[in-house]
Amino acid sequence: MDVEPKFAADRMLGRLARWLRLLGVDVIWHPNLHGHELLRLARKEGRIMLTRDRRLKTAPDVLFIQSQSFRDQLRETFSAYPFKLPAEPLSRCSRCNQVLEEADKETVGRLVPAFVYASQERFAVCPNCGRIYWNGTHAKRILGELATFLCGSKEAQDLEK
């Protein structure tokens, strides 16, 4: 697929949505959006709907996710819609999907724990919800999990750099 797809995940797929966002993929998800309401929004925004709702599984622009494991759900998604991963993983807010903006260290100084401020040089902030991100041990763990998922692909080698 030449163009990176955009997705809409139903309320049963919150963890899948979060992990796709960690990969840098554009995914809308909200616990109150579901069923035909979410399908209408997905169609309006040109998104592929990811769902576990059996009532929607025959729609042509819906991927019915069979697995309950988020790792297998990721595999199902990539199998149905193979696409090149965005160049920057961890570039979207895992909570609200906005693209993160680089933040000045001094600006976030009072908003992060002192040990984080002392040990980190780069920070990002979500312009929508204000959540602050940095490359701590959680980021390394997430990148390791993503590299394991991608198992030796070119993207996995890029993640490990």
# chains A, B, ... in the order shown; residues from 1 in each chain; ligands from 1

$ closest_atom_pairs --of "region 41-110 of chain A" --to "region 6-19 of chain A" --cutoff "6 Å" --atoms "only C-alpha atoms" --output "Markdown table"
| residue | atom | partner | partner_atom | distance |
| --- | --- | --- | --- | --- |
| A:Ala42 | CA | A:Ala8 | CA | 5.8 |
| A:Arg47 | CA | A:Phe7 | CA | 4.8 |
| A:Ile48 | CA | A:Phe7 | CA | 4.7 |
| A:Met49 | CA | A:Ala8 | CA | 4.7 |
| A:Leu50 | CA | A:Ala9 | CA | 4.7 |
| A:Thr51 | CA | A:Asp10 | CA | 5.3 |
| A:Phe70 | CA | A:Leu16 | CA | 5.4 |
| A:Ser94 | CA | A:Arg18 | CA | 5.2 |

$ write_last_selection --atoms "C-alpha atoms" --output "PDB file, in the first residue's frame"
ATOM      1  CA  ALA A  42     -14.606   6.278   9.605  1.00  0.00           C
ATOM      2  CA  ARG A  47     -10.548   5.461   7.494  1.00  0.00           C
ATOM      3  CA  ILE A  48     -10.578   1.687   7.588  1.00  0.00           C
ATOM      4  CA  MET A  49     -12.641   0.457  10.502  1.00  0.00           C
ATOM      5  CA  LEU A  50     -11.184  -2.202  12.764  1.00  0.00           C
ATOM      6  CA  THR A  51     -13.867  -4.013  14.733  1.00  0.00           C
ATOM      7  CA  PHE A  70      -3.242  -7.464  20.694  1.00  0.00           C
ATOM      8  CA  SER A  94      -0.985   7.026  22.686  1.00  0.00           C
TER       9      SER A  94
END

$ select_by_dssp --residues "region 12-55 of chain A" --states "strand (DSSP E or B)" --output "PDB file with all heavy atoms, in the first residue's frame"
ATOM      1  N   VAL A  27      -4.815   6.463  14.212  1.00  0.00           N
ATOM      2  CA  VAL A  27      -5.948   5.623  14.618  1.00  0.00           C
ATOM      3  C   VAL A  27      -6.846   6.407  15.563  1.00  0.00           C
ATOM      4  O   VAL A  27      -6.393   6.844  16.618  1.00  0.00           O
ATOM      5  CB  VAL A  27      -5.489   4.345  15.369  1.00  0.00           C
ATOM      6  CG1 VAL A  27      -6.683   3.466  15.693  1.00  0.00           C
ATOM      7  CG2 VAL A  27      -4.454   3.582  14.582  1.00  0.00           C
ATOM      8  N   ILE A  28      -8.116   6.568  15.173  1.00  0.00           N
ATOM      9  CA  ILE A  28      -9.050   7.161  16.126  1.00  0.00           C
ATOM     10  C   ILE A  28      -9.674   6.041  16.930  1.00  0.00           C
ATOM     11  O   ILE A  28      -9.933   4.947  16.426  1.00  0.00           O
ATOM     12  CB  ILE A  28     -10.134   8.041  15.452  1.00  0.00           C
ATOM     13  CG1 ILE A  28     -10.952   7.260  14.420  1.00  0.00           C
ATOM     14  CG2 ILE A  28      -9.504   9.286  14.841  1.00  0.00           C
ATOM     15  CD1 ILE A  28     -12.166   8.003  13.907  1.00  0.00           C
ATOM     16  N   ILE A  48     -10.203   3.098   7.575  1.00  0.00           N
ATOM     17  CA  ILE A  48     -10.578   1.687   7.588  1.00  0.00           C
ATOM     18  C   ILE A  48     -11.001   1.373   9.016  1.00  0.00           C
ATOM     19  O   ILE A  48     -10.274   1.668   9.961  1.00  0.00           O
ATOM     20  CB  ILE A  48      -9.394   0.802   7.180  1.00  0.00           C
ATOM     21  CG1 ILE A  48      -8.941   1.155   5.758  1.00  0.00           C
ATOM     22  CG2 ILE A  48      -9.750  -0.677   7.312  1.00  0.00           C
ATOM     23  CD1 ILE A  48      -7.523   0.736   5.452  1.00  0.00           C
ATOM     24  N   MET A  49     -12.157   0.774   9.166  1.00  0.00           N
ATOM     25  CA  MET A  49     -12.641   0.457  10.502  1.00  0.00           C
ATOM     26  C   MET A  49     -12.150  -0.917  10.932  1.00  0.00           C
ATOM     27  O   MET A  49     -12.258  -1.882  10.193  1.00  0.00           O
ATOM     28  CB  MET A  49     -14.159   0.505  10.565  1.00  0.00           C
ATOM     29  CG  MET A  49     -14.675   0.288  11.962  1.00  0.00           C
ATOM     30  SD  MET A  49     -16.406   0.709  12.074  1.00  0.00           S
ATOM     31  CE  MET A  49     -16.811  -0.064  13.631  1.00  0.00           C
ATOM     32  N   LEU A  50     -11.598  -0.954  12.133  1.00  0.00           N
ATOM     33  CA  LEU A  50     -11.184  -2.202  12.764  1.00  0.00           C
ATOM     34  C   LEU A  50     -12.224  -2.515  13.839  1.00  0.00           C
ATOM     35  O   LEU A  50     -12.505  -1.669  14.683  1.00  0.00           O
ATOM     36  CB  LEU A  50      -9.803  -2.036  13.410  1.00  0.00           C
ATOM     37  CG  LEU A  50      -8.696  -1.511  12.497  1.00  0.00           C
ATOM     38  CD1 LEU A  50      -7.426  -1.231  13.294  1.00  0.00           C
ATOM     39  CD2 LEU A  50      -8.425  -2.476  11.356  1.00  0.00           C
ATOM     40  N   THR A  51     -12.785  -3.708  13.797  1.00  0.00           N
ATOM     41  CA  THR A  51     -13.867  -4.013  14.733  1.00  0.00           C
ATOM     42  C   THR A  51     -13.880  -5.476  15.136  1.00  0.00           C
ATOM     43  O   THR A  51     -13.342  -6.324  14.437  1.00  0.00           O
ATOM     44  CB  THR A  51     -15.238  -3.644  14.130  1.00  0.00           C
ATOM     45  OG1 THR A  51     -16.250  -3.781  15.120  1.00  0.00           O
ATOM     46  CG2 THR A  51     -15.583  -4.508  12.933  1.00  0.00           C
TER      47      THR A  51
END

$ atom_distance --atom1 "CA of Pro127 (chain A)" --atom2 "CA of Thr77 (chain A)"
27.8 Å

$ select_by_dssp --residues "chain A" --states "alpha helix (DSSP H)" --output "ChimeraX atom specification"
/A:14-22,35-44,70-80,105-108,114-119,137-150,154-160

$ residues_around --residues "Cys96 (chain A)" --least-positions-apart "6" --cutoff "8 Å" --atoms "only C-alpha atoms" --output "CSV table (one decimal) with all heavy atoms, in the first residue's frame"
chain,number,residue,atom,x,y,z
A,28,ILE,N,-8.1,6.6,15.2
A,28,ILE,CA,-9.1,7.2,16.1
A,28,ILE,C,-9.7,6.0,16.9
A,28,ILE,O,-9.9,4.9,16.4
A,28,ILE,CB,-10.1,8.0,15.5
A,28,ILE,CG1,-11.0,7.3,14.4
A,28,ILE,CG2,-9.5,9.3,14.8
A,28,ILE,CD1,-12.2,8.0,13.9
A,29,TRP,N,-9.9,6.3,18.2
A,29,TRP,CA,-10.5,5.4,19.1
A,29,TRP,C,-11.1,6.2,20.3
A,29,TRP,O,-10.4,7.1,20.8
A,29,TRP,CB,-9.5,4.3,19.6
A,29,TRP,CG,-10.1,3.4,20.7
A,29,TRP,CD1,-10.8,2.3,20.4
A,29,TRP,CD2,-10.1,3.6,22.1
A,29,TRP,NE1,-11.2,1.7,21.6
A,29,TRP,CE2,-10.8,2.5,22.7
A,29,TRP,CE3,-9.6,4.6,23.0
A,29,TRP,CZ2,-11.0,2.3,24.0
A,29,TRP,CZ3,-9.9,4.4,24.3
A,29,TRP,CH2,-10.5,3.3,24.8
A,128,ASN,N,-2.8,18.3,22.2
A,128,ASN,CA,-4.2,18.2,22.5
A,128,ASN,C,-4.4,18.0,24.0
A,128,ASN,O,-5.1,18.7,24.6
A,128,ASN,CB,-4.8,17.1,21.7
A,128,ASN,CG,-6.3,17.0,21.9
A,128,ASN,OD1,-7.0,17.9,21.8
A,128,ASN,ND2,-6.7,15.8,22.2
A,129,CYS,N,-3.8,16.9,24.5
A,129,CYS,CA,-4.1,16.6,25.9
A,129,CYS,C,-3.0,17.0,26.9
A,129,CYS,O,-3.2,16.9,28.1
A,129,CYS,CB,-4.4,15.1,26.1
A,129,CYS,SG,-3.0,14.0,25.8

$ residues_around --residues "region 22-24 of chain A" --least-positions-apart "4" --cutoff "7 Å" --atoms "only C-alpha atoms" --output "PyMOL selection string"
chain A and resi 18+86+88-92+94

$ write_last_selection --atoms "N, CA and C atoms" --output "PDB file, in the first residue's frame"
ATOM      1  N   ARG A  18      -3.948   1.710  20.666  1.00  0.00           N
ATOM      2  CA  ARG A  18      -2.806   2.301  21.364  1.00  0.00           C
ATOM      3  C   ARG A  18      -1.489   1.824  20.758  1.00  0.00           C
ATOM      4  N   PRO A  86       5.328   4.221   9.525  1.00  0.00           N
ATOM      5  CA  PRO A  86       5.822   5.592   9.562  1.00  0.00           C
ATOM      6  C   PRO A  86       7.279   5.612  10.021  1.00  0.00           C
ATOM      7  N   GLU A  88       8.794   7.486  12.012  1.00  0.00           N
ATOM      8  CA  GLU A  88       8.990   7.802  13.421  1.00  0.00           C
ATOM      9  C   GLU A  88       7.991   7.078  14.315  1.00  0.00           C
ATOM     10  N   PRO A  89       8.412   5.951  14.923  1.00  0.00           N
ATOM     11  CA  PRO A  89       7.527   5.376  15.943  1.00  0.00           C
ATOM     12  C   PRO A  89       7.521   6.304  17.148  1.00  0.00           C
ATOM     13  N   LEU A  90       6.557   6.146  17.997  1.00  0.00           N
ATOM     14  CA  LEU A  90       6.407   6.978  19.195  1.00  0.00           C
ATOM     15  C   LEU A  90       6.290   8.458  18.833  1.00  0.00           C
ATOM     16  N   SER A  91       5.609   8.729  17.733  1.00  0.00           N
ATOM     17  CA  SER A  91       5.440  10.113  17.284  1.00  0.00           C
ATOM     18  C   SER A  91       4.010  10.621  17.475  1.00  0.00           C
ATOM     19  N   ARG A  92       3.127   9.743  17.961  1.00  0.00           N
ATOM     20  CA  ARG A  92       1.738  10.114  18.222  1.00  0.00           C
ATOM     21  C   ARG A  92       1.422   9.905  19.697  1.00  0.00           C
ATOM     22  N   SER A  94      -0.337   8.329  22.566  1.00  0.00           N
ATOM     23  CA  SER A  94      -0.985   7.026  22.686  1.00  0.00           C
ATOM     24  C   SER A  94      -2.398   7.154  23.245  1.00  0.00           C
TER      25      SER A  94
END

$ closest_residue --among "A:Val125, A:Leu146, A:Leu56, A:Leu20" --to "Pro5 (chain A)" --atoms "only C-alpha atoms"
A:Leu20

$ atom_distance --atom1 "CA of Gln73 (chain A)" --atom2 "CA of Arg52 (chain A)"
10.3 Å

$ residues_around --residues "Arg54 (chain A)" --least-positions-apart "4" --cutoff "10 Å" --atoms "only C-alpha atoms" --output "ChimeraX atom specification"
/A:35,58,64-66

$ write_last_selection --atoms "N, CA and C atoms" --output "short mmCIF file (atom, residue, chain, number, x, y, z; two decimals), in the first residue's frame"
data_model
loop_
_atom_site.label_atom_id
_atom_site.label_comp_id
_atom_site.auth_asym_id
_atom_site.auth_seq_id
_atom_site.Cartn_x
_atom_site.Cartn_y
_atom_site.Cartn_z
N GLY A 35 -19.95 0.71 16.80
CA GLY A 35 -20.97 0.31 15.84
C GLY A 35 -21.09 1.21 14.64
N THR A 58 -19.33 -7.78 7.54
CA THR A 58 -19.50 -7.94 6.08
C THR A 58 -19.34 -6.63 5.31
N PHE A 64 -12.71 -7.15 10.23
CA PHE A 64 -13.17 -7.84 11.43
C PHE A 64 -11.98 -8.53 12.06
N ILE A 65 -11.65 -8.12 13.27
CA ILE A 65 -10.51 -8.67 14.00
C ILE A 65 -10.97 -9.88 14.80
N GLN A 66 -10.37 -11.02 14.53
CA GLN A 66 -10.81 -12.25 15.19
C GLN A 66 -10.11 -12.51 16.51
#

$ atom_distance --atom1 "CA of Glu121 (chain A)" --atom2 "CA of Lys105 (chain A)"
6.6 Å

$ closest_residue --among "A:Ala80, A:Val116, A:Ile132, A:Val62" --to "Arg95 (chain A)" --atoms "only C-alpha atoms"
A:Ile132

$ closest_residue --among "A:Val108, A:Ala147, A:Ala114, A:Ser119" --to "Asn135 (chain A)" --atoms "only C-alpha atoms"
A:Ser119

$ closest_residue --among "A:Asp53, A:Phe78, A:Pro60, A:Ala139" --to "Leu38 (chain A)" --atoms "only C-alpha atoms"
A:Asp53

$ closest_residue --among "A:Val99, A:Arg141, A:Asp104, A:Thr148" --to "Cys126 (chain A)" --atoms "only C-alpha atoms"
A:Val99

$ closest_residue --among "A:Pro113, A:Gln98, A:Arg71, A:Glu76" --to "Gly130 (chain A)" --atoms "only C-alpha atoms"
A:Gln98
